[in-house]
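A.B. asks: Provided herewith: protein17.cif, mmCIF, C-alpha atoms.
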data_upload
#
loop_
_atom_site.label_atom_id
_atom_site.label_comp_id
_atom_site.auth_asym_id
_atom_site.auth_seq_id
_atom_site.Cartn_x
_atom_site.Cartn_y
_atom_site.Cartn_z
CA VAL O 164 -60.81 -117.64 92.07
CA PRO O 165 -60.38 -115.50 95.18
CA GLY O 166 -61.12 -116.84 98.62
CA THR O 167 -60.49 -120.16 100.28
CA ARG O 168 -60.80 -123.11 97.88
CA LEU O 169 -61.69 -126.32 99.69
CA LEU O 170 -60.24 -129.44 98.08
CA ALA O 171 -60.16 -132.37 100.49
CA THR O 172 -61.20 -131.71 104.08
CA ARG O 173 -64.38 -129.86 103.04
CA LEU O 174 -64.82 -128.43 106.53
CA LEU O 175 -64.38 -125.00 108.10
CA GLN O 176 -65.08 -124.49 111.78
CA THR O 177 -64.70 -121.47 114.07
CA GLN O 178 -64.94 -121.03 117.82
CA CYS O 179 -65.53 -117.78 119.69
CA ALA O 180 -65.90 -117.54 123.47
CA ASP O 181 -66.57 -113.79 123.45
CA PRO O 182 -70.29 -112.82 123.59
CA ALA O 183 -69.56 -110.03 121.11
CA CYS O 184 -68.87 -112.68 118.47
CA GLY O 185 -72.42 -113.98 118.61
CA THR O 186 -74.26 -111.22 116.78
CA THR O 187 -73.54 -111.33 113.05
CA LEU O 188 -72.28 -113.90 110.55
CA MET O 189 -71.52 -112.92 106.97
CA PHE O 190 -69.53 -114.56 104.18
CA ASP O 191 -69.42 -114.96 100.42
CA LEU O 192 -70.00 -118.44 99.00
CA LYS O 193 -69.50 -120.06 95.61
CA LEU O 194 -70.19 -123.76 95.07
CA LEU O 195 -69.16 -124.18 91.42
CA CYS O 196 -65.46 -123.39 91.08
CA SER O 197 -64.59 -125.39 87.96
CA ASN O 198 -63.99 -123.88 84.54
CA ASN O 199 -66.52 -126.17 82.87
CA ALA O 200 -68.85 -124.34 80.50
CA SER O 201 -71.58 -126.81 81.52
CA PRO O 202 -71.37 -128.06 85.14
CA THR O 203 -71.32 -131.82 85.56
CA SER O 204 -74.03 -133.68 87.46
CA ALA O 205 -71.52 -134.29 90.27
CA GLU O 206 -70.83 -130.56 90.54
CA LEU O 207 -74.53 -129.68 90.53
CA ALA O 208 -75.06 -132.15 93.39
CA THR O 209 -72.76 -130.14 95.69
CA VAL O 210 -74.46 -129.13 98.94
CA VAL O 211 -72.87 -127.22 101.81
CA THR O 212 -74.43 -127.10 105.28
CA LEU O 213 -73.89 -124.24 107.70
CA THR O 214 -74.29 -125.32 111.33
CA VAL O 215 -74.39 -122.77 114.16
CA TYR O 216 -73.77 -124.22 117.61
CA THR O 217 -74.97 -122.10 120.55
CA GLY O 218 -77.34 -123.21 123.29
CA SER O 219 -79.20 -124.90 120.44
CA THR O 220 -78.21 -126.00 116.94
CA LEU O 221 -79.24 -124.10 113.81
CA THR O 222 -78.64 -125.46 110.31
CA TYR O 223 -78.84 -123.91 106.85
CA THR O 224 -78.15 -125.61 103.51
CA TYR O 225 -76.83 -124.14 100.27
CA SER O 226 -76.98 -125.90 96.89
CA ALA O 227 -74.79 -125.52 93.82
CA SER O 228 -77.71 -124.44 91.65
CA ASP O 229 -78.36 -121.48 93.96
CA TYR O 230 -74.70 -120.59 94.55
CA ALA O 231 -73.14 -121.21 91.17
CA THR O 232 -71.56 -117.73 91.34
CA TRP O 233 -70.33 -115.65 94.27
CA ARG O 234 -73.24 -114.65 96.51
CA HIS O 235 -73.50 -113.01 99.92
CA VAL O 236 -74.75 -114.95 102.94
CA GLY O 237 -75.73 -113.01 106.06
CA LEU O 238 -77.62 -113.85 109.23
CA LYS O 239 -78.00 -112.63 112.77
CA LEU O 240 -76.87 -115.10 115.41
CA PRO O 241 -78.53 -115.68 118.78
CA ALA O 242 -76.77 -114.12 121.75
CA SER O 243 -74.53 -116.67 123.44
CA SER O 244 -71.35 -116.81 125.51
CA ALA O 245 -69.84 -119.23 122.98
CA VAL O 246 -70.71 -119.54 119.32
CA ARG O 247 -69.22 -122.18 117.03
CA VAL O 248 -69.84 -122.01 113.28
CA GLN O 249 -69.19 -124.85 110.85
CA LEU O 250 -69.33 -125.05 107.06
CA GLU O 251 -69.22 -128.59 105.71
CA GLN O 252 -69.88 -130.23 102.36
CA THR O 253 -72.77 -132.63 102.90
CA GLY O 254 -73.75 -133.42 99.31
CA GLY O 255 -71.89 -134.32 96.13
CA THR O 256 -68.54 -136.03 95.71
CA LEU O 257 -65.20 -135.06 97.23
CA THR O 258 -63.16 -135.91 94.15
CA SER O 259 -64.63 -133.76 91.37
CA THR O 260 -66.11 -130.69 93.06
CA HIS O 261 -64.57 -127.54 94.48
CA TRP O 262 -66.25 -124.76 96.44
CA ALA O 263 -65.01 -121.55 98.01
CA VAL O 264 -65.60 -119.11 100.86
CA ASP O 265 -64.45 -115.51 101.07
CA ASN O 266 -64.94 -112.38 103.21
CA PHE O 267 -65.86 -114.44 106.28
CA TYR O 268 -66.98 -112.29 109.22
CA GLN O 269 -68.26 -113.22 112.67
CA GLY O 270 -68.53 -110.33 115.09
CA PRO O 271 -70.49 -107.24 116.13
CA ALA O 272 -73.47 -106.40 113.96
CA CYS O 273 -72.92 -104.60 110.69
CA PRO O 274 -75.72 -102.14 109.88
CA ASN O 275 -78.70 -104.07 108.46
CA LEU O 276 -76.38 -106.86 107.23
CA CYS O 277 -75.27 -104.36 104.58
CA TYR O 278 -78.67 -104.89 102.91
CA GLY O 279 -77.22 -107.80 100.96
CA HIS O 280 -75.13 -105.38 98.88
CA GLY O 281 -71.81 -105.73 100.68
CA TYR O 282 -69.90 -107.54 103.40
CA CYS O 283 -68.61 -106.76 106.91
CA SER O 284 -65.00 -105.71 107.42
CA THR O 285 -63.02 -106.62 110.52
CA SER O 286 -63.93 -103.21 112.00
CA GLY O 287 -67.65 -104.02 111.79
CA THR O 288 -68.36 -101.62 108.92
CA CYS O 289 -69.86 -102.45 105.54
CA VAL O 290 -67.74 -102.74 102.40
CA CYS O 291 -70.24 -102.10 99.61
CA ASP O 292 -70.57 -103.84 96.26
CA PRO O 293 -70.10 -101.83 93.07
CA ASN O 294 -73.04 -99.47 92.42
CA PHE O 295 -73.91 -99.19 96.15
CA THR O 296 -72.78 -96.83 98.90
CA GLY O 297 -73.59 -95.62 102.41
CA SER O 298 -72.90 -96.98 105.88
CA ASN O 299 -75.30 -99.90 105.22
CA CYS O 300 -74.90 -100.12 101.40
CA ALA O 301 -78.57 -99.18 100.98
CA SER O 302 -77.95 -96.22 98.64
CA VAL O 303 -77.46 -96.61 94.90
CA ILE O 304 -74.75 -94.58 93.22
CA PRO O 305 -76.69 -92.37 90.75
CA GLY O 306 -76.61 -93.50 87.15
CA THR O 307 -75.18 -96.97 87.79
CA LEU O 308 -78.37 -99.08 87.68
CA GLY O 309 -81.20 -99.32 85.20
CA THR O 310 -84.78 -98.32 85.93
CA SER O 311 -86.65 -101.13 84.18
CA ILE O 312 -86.37 -104.68 82.84
CA SER O 313 -88.20 -105.99 79.79
CA GLU O 314 -87.73 -109.62 78.74
CA THR O 315 -89.50 -111.70 76.07
CA PHE O 316 -87.30 -114.81 76.53
CA ASP O 317 -86.66 -115.17 72.81
CA SER O 318 -82.95 -115.90 73.21
CA THR O 319 -80.61 -117.61 75.64
CA LEU O 320 -80.22 -116.15 79.12
CA VAL O 321 -76.47 -116.83 79.14
CA GLY O 322 -74.76 -113.46 79.39
CA ASN O 323 -78.12 -111.69 79.68
CA LYS O 324 -77.64 -108.74 82.05
CA ASN O 325 -81.31 -108.73 83.08
CA TRP O 326 -80.73 -111.86 85.19
CA VAL O 327 -78.07 -112.37 87.84
CA SER O 328 -79.09 -115.95 88.68
CA THR O 329 -81.17 -118.64 86.97
CA ALA O 330 -81.73 -122.35 87.57
CA GLY O 331 -83.80 -125.02 85.85
CA VAL O 332 -84.73 -122.72 82.94
CA THR O 333 -85.36 -123.83 79.35
CA ILE O 334 -86.27 -121.36 76.61
CA ASP O 335 -88.86 -122.97 74.30
CA GLN O 336 -92.54 -123.06 73.26
CA LYS O 337 -93.67 -126.20 75.12
CA CYS O 338 -96.13 -124.24 77.25
CA GLY O 339 -97.80 -122.74 74.19
CA LEU O 340 -97.82 -119.30 72.64
CA ILE O 341 -99.21 -116.10 74.11
CA ILE O 342 -98.66 -114.09 70.93
CA ASP O 343 -95.48 -115.46 69.38
CA GLY O 344 -91.94 -116.44 70.31
CA ASN O 345 -90.69 -118.44 73.30
CA SER O 346 -91.15 -118.38 77.04
CA ALA O 347 -89.03 -119.33 80.04
CA ARG O 348 -90.10 -122.81 81.21
CA LEU O 349 -88.80 -123.79 84.65
CA GLY O 350 -89.02 -127.57 84.74
CA THR O 351 -85.61 -129.17 85.24
CA GLY O 352 -83.26 -129.72 88.15
CA THR O 353 -83.85 -129.54 91.89
CA SER O 354 -83.88 -125.73 91.98
CA ARG O 355 -85.95 -123.54 89.66
CA ARG O 356 -85.32 -119.83 89.84
CA LEU O 357 -85.20 -116.54 87.97
CA GLU O 358 -83.49 -113.64 89.77
CA THR O 359 -83.37 -110.21 88.20
CA ALA O 360 -80.54 -107.73 88.35
CA ASP O 361 -80.93 -104.78 90.70
CA ILE O 362 -82.83 -101.79 89.32
CA VAL O 363 -83.93 -98.43 90.69
CA THR O 364 -87.69 -98.41 91.37
CA LEU O 365 -88.17 -94.88 92.75
CA ALA O 366 -90.31 -93.96 89.72
CA ASN O 367 -91.70 -97.46 89.08
CA SER O 368 -94.23 -99.46 91.05
CA VAL O 369 -95.37 -102.18 88.64
CA ILE O 370 -94.22 -105.72 87.86
CA GLN O 371 -96.19 -107.77 85.35
CA PHE O 372 -95.74 -111.08 83.58
CA TYR O 373 -97.71 -114.04 82.22
CA PHE O 374 -97.64 -117.08 84.46
CA MET O 375 -98.64 -120.76 84.15
CA ASN O 376 -98.17 -123.35 86.89
CA GLY O 377 -98.86 -127.08 86.73
CA PRO O 378 -97.42 -130.54 86.13
CA SER O 379 -95.18 -131.25 83.16
CA PRO O 380 -95.55 -130.33 80.39
CA CYS O 381 -97.52 -127.23 81.48
CA ARG O 382 -100.85 -128.94 82.04
CA PRO O 383 -103.44 -127.34 84.35
CA PRO O 384 -102.58 -127.96 88.03
CA THR O 385 -104.21 -130.97 89.65
CA SER O 386 -103.44 -129.99 93.26
CA THR O 387 -102.47 -127.00 95.38
CA THR O 388 -98.96 -128.36 95.95
CA TYR O 389 -97.61 -126.60 92.84
CA GLN O 390 -96.54 -123.33 94.45
CA VAL O 391 -94.16 -120.58 93.34
CA ALA O 392 -92.84 -117.75 95.53
CA LEU O 393 -92.41 -114.20 94.23
CA GLN O 394 -89.89 -112.39 96.42
CA TYR O 395 -88.21 -109.02 96.36
CA SER O 396 -85.56 -107.23 98.41
CA GLN O 397 -84.72 -103.59 98.90
#
Mind turning the file's structure into C-alpha cells?
C.D. replies:
Amino acid sequence: VPGTRLLATRLLQTQCADPACGTTLMFDLKLLCSNNASPTSAELATVVTLTVYTGSTLTYTYSASDYATWRHVGLKLPASSAVRVQLEQTGGTLTSTHWAVDNFYQGPACPNLCYGHGYCSTSGTCVCDPNFTGSNCASVIPGTLGTSISETFDSTLVGNKNWVSTAGVTIDQKCGLIIDGNSARLGTGTSRRLETADIVTLANSVIQFYFMNGPSPCRPPTSTTYQVALQYSQ
C-alpha cells in the first residue's frame, strides 16, 4: 500500500508559521489497510479525526466505512499566521487496525481543490486522476467514462463498476417486490451509502429510482427523523 502506514503512534501533526500555508489542505486517506476479504468489527470501528488549529479549532471525522479505499480529502483553511494540522486515530483499537495517508499537501490554493479528481503537487498545481485532465482536473478525457448507469441490484455489488463506494448494503427482497428480483436495502452498520462511478452527463439530465424509507424492516416511516440525502458533484 503506498503512502504512510500508521502502526503505533497513530498521530500526524504539522506546523506552519507562514501565512501562505493556511489556504489549502489536501490529502488521500485510507482507513482499511488489511488484506482481509471481510473487514473485522475492530477495523470497521476505526475513526480518524482531523483537527485544524488556527485562531479557533476545527474538527472533521472520517470513518472506516466511508474511507475503506483511497479517497481524496480537500478543504480550504482559514487565513492565519500559523496553522497546525493534526490527524489522529480517535476510534477503534491500536493493535489490529492500520490506516494510511498519502499525497499530503498544505500550501497555496490549488484551482478549485482539483474538483475532487486529483491532488495538489508541491508546486501548487493539480495532479489529475486517470480519466481527468486540465489545470483543475474538471475536464474528462474523451471516451474514458460511461454516459449512463443502469442497476437492478440482482447480484452482488462486489466488483461492480457502477459503484465506487458502498456501505451498509444488503441485496435481498425484504422490502418487497416492485416487479421481480432484489433491491438494495441499506440497513446495517453506522454508515449507509451508495456512491456511483463518475459518468459524463452532457447529454443526460435524468436520474430515477424507486425509494422506500422507514424503520426496519422497511415499514412505513413513523417520524420525520428518517432522512436520506441525495448528493452529486461535478
A.B. asks: Report the distance between atom CA of Thr296 of chain O and atom CA of Ile362 of chain O in Å, rounded to one decimal place.
C.D. replies: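 Here the two named atoms are 14.7 Å from each other.
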A.B. asks: Find the residues around Val363 of chain O up to 8 Å (all atoms listed in the file counted), leave out those fewer than 6 positions away in its own chain, and share them as a list in words.
C.D. replies: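 Surrounding residues, per the criterion: Val303, Leu308, Gly309, Thr310 and Ser311 of chain O.
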A.B. asks: Would you compute the distance between atom CA of Gln178 of chain O and atom CA of Gly255 of chain O? Give it in Å to one decimal.
C.D. replies: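 Atom CA of Gln178 of chain O sits 26.4 Å away from atom CA of Gly255 of chain O.
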A.B. asks: Could you check the closest approach to Pro293 of chain O for each of O:Gly281, O:Cys196, O:Met189, O:Ala360 and tell me which residue wins, using all atoms listed in the file?
C.D. replies: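 Looking at the shortest contact to Pro293 of chain O, the residue is O:Gly281.
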A.B. asks: Mind checking which residues fall within 10 Å of Thr329 of chain O, counting all atoms listed in the file, ignoring those fewer than 4 positions away in the same chain, and posting them as a list in words?
C.D. replies: Ser228, Asp229, Ala231, Leu320, Val321, Leu349, Ser354, Arg355, Arg356, Leu357, Glu358 and Thr359 of chain O
A.B. asks: With the PyMOL selection byres ((chain O and resi 215) around 6) as the selection, what would be picked from this file? Answer as number ranges by chain, please.
C.D. replies: O: 214, 216, 220-221, 247-248
A.B. asks: Find the spatial neighbours of segment 388-394 of chain O, counting all atoms listed in the file, within a cut-off of 8 Å - ignore same-chain residues fewer than 6 positions away - and output them as a PyMOL selection string.
C.D. replies: chain O and resi 376-378
A.B. asks: State, in Å with one decimal place, the distance from atom CA of Arg348 of chain O to atom CA of Ser328 of chain O.
C.D. replies: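 Here the two named atoms are 15.0 Å from each other.
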A.B. asks: With the file shown as input, list the residues that the PyMOL selection byres ((chain O and resi 191) around 12) selects, as JSON, numbers by chain.
C.D. replies: {"O": [165, 166, 167, 188, 189, 190, 192, 193, 194, 225, 230, 231, 232, 233, 234, 235, 236, 237, 262, 263, 264, 265, 266, 267, 268, 279, 280, 281, 282, 283, 292]}
A.B. asks: Which residue, O:Ile342, O:Ser396, O:Gln176, O:Leu276, has the smallest gap to Leu213 of chain O when you use all atoms listed in the file?
C.D. replies: O:Gln176
A.B. asks: Please enclose the listed atoms of segment 257-264 of chain O in an axis-aligned box, pad each side by 5 Å, and write out the centre and the three edge lengths in Å, rounded to one decimal, as AutoDock Vina command-line options.
C.D. replies:
--center_x -64.7 --center_y -127.5 --center_z 96.1 --size_x 13.1 --size_y 26.8 --size_z 19.5
A.B. asks: Find the residue from O:Asn294, O:Thr209, O:Thr222, O:Ser302 that sits nearest to Ser259 of chain O; use only C-alpha atoms when measuring.
C.D. replies: O:Thr209
A.B. asks: At a cut-off of 9 Å around the point (-72.9, -105.7, 113.2) (file coordinates), what residues fall inside when counting only C-alpha atoms? I'd like the answer as a PyMOL selection string.
C.D. replies: chain O and resi 186-188+239+269-276+283+287-289
A.B. asks: Export C-alpha atoms of the chosen residues as a compact mmCIF listing (two decimals), in the coordinates of the input?
C.D. replies:
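File produced: part-v1.txt:
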# COMPACT_ATOMS: atom_id res chain seq x y z
CA THR O 186 -74.26 -111.22 116.78
CA THR O 187 -73.54 -111.33 113.05
CA LEU O 188 -72.28 -113.90 110.55
CA LYS O 239 -78.00 -112.63 112.77
CA GLN O 269 -68.26 -113.22 112.67
CA GLY O 270 -68.53 -110.33 115.09
CA PRO O 271 -70.49 -107.24 116.13
CA ALA O 272 -73.47 -106.40 113.96
CA CYS O 273 -72.92 -104.60 110.69
CA PRO O 274 -75.72 -102.14 109.88
CA ASN O 275 -78.70 -104.07 108.46
CA LEU O 276 -76.38 -106.86 107.23
CA CYS O 283 -68.61 -106.76 106.91
CA GLY O 287 -67.65 -104.02 111.79
CA THR O 288 -68.36 -101.62 108.92
CA CYS O 289 -69.86 -102.45 105.54
A.B. asks: Residue by residue, what does the PyMOL selection byres ((chain O and resi 241) around 9) grab here? Present the result as a PDB file with C-alpha atoms, in the frame of the given file.
C.D. replies:
ATOM      1  CA  GLY O 185     -72.420-113.980 118.610  1.00  0.00           C
ATOM      2  CA  THR O 186     -74.260-111.220 116.780  1.00  0.00           C
ATOM      3  CA  THR O 187     -73.540-111.330 113.050  1.00  0.00           C
ATOM      4  CA  THR O 217     -74.970-122.100 120.550  1.00  0.00           C
ATOM      5  CA  GLY O 218     -77.340-123.210 123.290  1.00  0.00           C
ATOM      6  CA  LYS O 239     -78.000-112.630 112.770  1.00  0.00           C
ATOM      7  CA  LEU O 240     -76.870-115.100 115.410  1.00  0.00           C
ATOM      8  CA  ALA O 242     -76.770-114.120 121.750  1.00  0.00           C
ATOM      9  CA  SER O 243     -74.530-116.670 123.440  1.00  0.00           C
ATOM     10  CA  VAL O 246     -70.710-119.540 119.320  1.00  0.00           C
TER      11      VAL O 246
END
A.B. asks: Select, from O:Asp361, O:Ala208, O:Cys291, O:Arg382, the residue with the minimum atom-to-atom distance to Val327 of chain O, counting all atoms listed in the file.
C.D. replies: O:Asp361
A.B. asks: Using only C-alpha atoms, pick whichever of O:Leu207, O:Ile370, O:Met375, O:Leu365 has the shortest atom-to-atom distance to Gly331 of chain O.
C.D. replies: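 Ranking O:Leu207, O:Ile370, O:Met375, O:Leu365 by distance to Gly331 of chain O, first place goes to O:Leu207.
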A.B. asks: Please rebuild segment 291-302 of chain O with all heavy atoms and give the result as a compact mmCIF listing (two decimals), in the coordinates of the input.
C.D. replies:
# COMPACT_ATOMS: atom_id res chain seq x y z
N CYS O 291 -69.12 -101.99 100.55
CA CYS O 291 -70.24 -102.10 99.61
C CYS O 291 -69.81 -102.68 98.27
O CYS O 291 -68.68 -102.48 97.81
CB CYS O 291 -70.87 -100.73 99.39
SG CYS O 291 -71.56 -100.00 100.90
N ASP O 292 -70.76 -103.37 97.63
CA ASP O 292 -70.57 -103.84 96.26
C ASP O 292 -70.53 -102.65 95.31
O ASP O 292 -70.98 -101.56 95.64
CB ASP O 292 -71.73 -104.77 95.86
CG ASP O 292 -71.76 -106.05 96.66
OD1 ASP O 292 -70.72 -106.44 97.20
OD2 ASP O 292 -72.84 -106.68 96.73
N PRO O 293 -70.01 -102.88 94.08
CA PRO O 293 -70.10 -101.83 93.07
C PRO O 293 -71.55 -101.38 92.88
O PRO O 293 -72.48 -102.18 92.99
CB PRO O 293 -69.56 -102.51 91.81
CG PRO O 293 -68.66 -103.59 92.32
CD PRO O 293 -69.30 -104.08 93.59
N ASN O 294 -71.75 -100.12 92.64
CA ASN O 294 -73.04 -99.47 92.42
C ASN O 294 -73.78 -99.10 93.71
O ASN O 294 -74.82 -98.46 93.66
CB ASN O 294 -73.99 -100.33 91.57
CG ASN O 294 -73.40 -100.75 90.24
OD1 ASN O 294 -72.58 -100.03 89.68
ND2 ASN O 294 -73.79 -101.91 89.74
N PHE O 295 -73.23 -99.49 94.88
CA PHE O 295 -73.91 -99.19 96.15
C PHE O 295 -72.97 -98.44 97.09
O PHE O 295 -71.75 -98.59 97.03
CB PHE O 295 -74.41 -100.47 96.80
CG PHE O 295 -75.47 -101.17 96.02
CD1 PHE O 295 -75.13 -102.13 95.07
CD2 PHE O 295 -76.81 -100.86 96.20
CE1 PHE O 295 -76.11 -102.76 94.33
CE2 PHE O 295 -77.79 -101.48 95.45
CZ PHE O 295 -77.45 -102.44 94.52
N THR O 296 -73.57 -97.63 97.97
CA THR O 296 -72.78 -96.83 98.90
C THR O 296 -73.56 -96.59 100.17
O THR O 296 -74.71 -97.02 100.30
CB THR O 296 -72.40 -95.47 98.23
OG1 THR O 296 -71.47 -94.79 99.06
CG2 THR O 296 -73.63 -94.61 98.00
N GLY O 297 -72.95 -95.91 101.13
CA GLY O 297 -73.59 -95.62 102.41
C GLY O 297 -73.09 -96.54 103.50
O GLY O 297 -72.46 -97.58 103.24
N SER O 298 -73.39 -96.20 104.75
CA SER O 298 -72.90 -96.98 105.88
C SER O 298 -73.49 -98.39 105.90
O SER O 298 -72.89 -99.31 106.44
CB SER O 298 -73.24 -96.27 107.18
OG SER O 298 -74.65 -96.12 107.33
N ASN O 299 -74.68 -98.57 105.27
CA ASN O 299 -75.30 -99.90 105.22
C ASN O 299 -75.50 -100.38 103.79
O ASN O 299 -76.25 -101.33 103.55
CB ASN O 299 -76.63 -99.90 105.97
CG ASN O 299 -77.60 -98.86 105.44
OD1 ASN O 299 -77.36 -98.25 104.40
ND2 ASN O 299 -78.69 -98.64 106.15
N CYS O 300 -74.85 -99.72 102.83
CA CYS O 300 -74.90 -100.12 101.40
C CYS O 300 -76.32 -100.06 100.83
O CYS O 300 -76.62 -100.75 99.85
CB CYS O 300 -74.32 -101.52 101.20
SG CYS O 300 -72.62 -101.71 101.78
N ALA O 301 -77.19 -99.24 101.44
CA ALA O 301 -78.57 -99.18 100.98
C ALA O 301 -78.77 -98.16 99.86
O ALA O 301 -79.81 -98.18 99.18
CB ALA O 301 -79.50 -98.83 102.15
N SER O 302 -77.79 -97.28 99.64
CA SER O 302 -77.95 -96.22 98.64
C SER O 302 -77.30 -96.62 97.33
O SER O 302 -76.21 -97.20 97.31
CB SER O 302 -77.33 -94.91 99.14
OG SER O 302 -77.96 -94.48 100.34
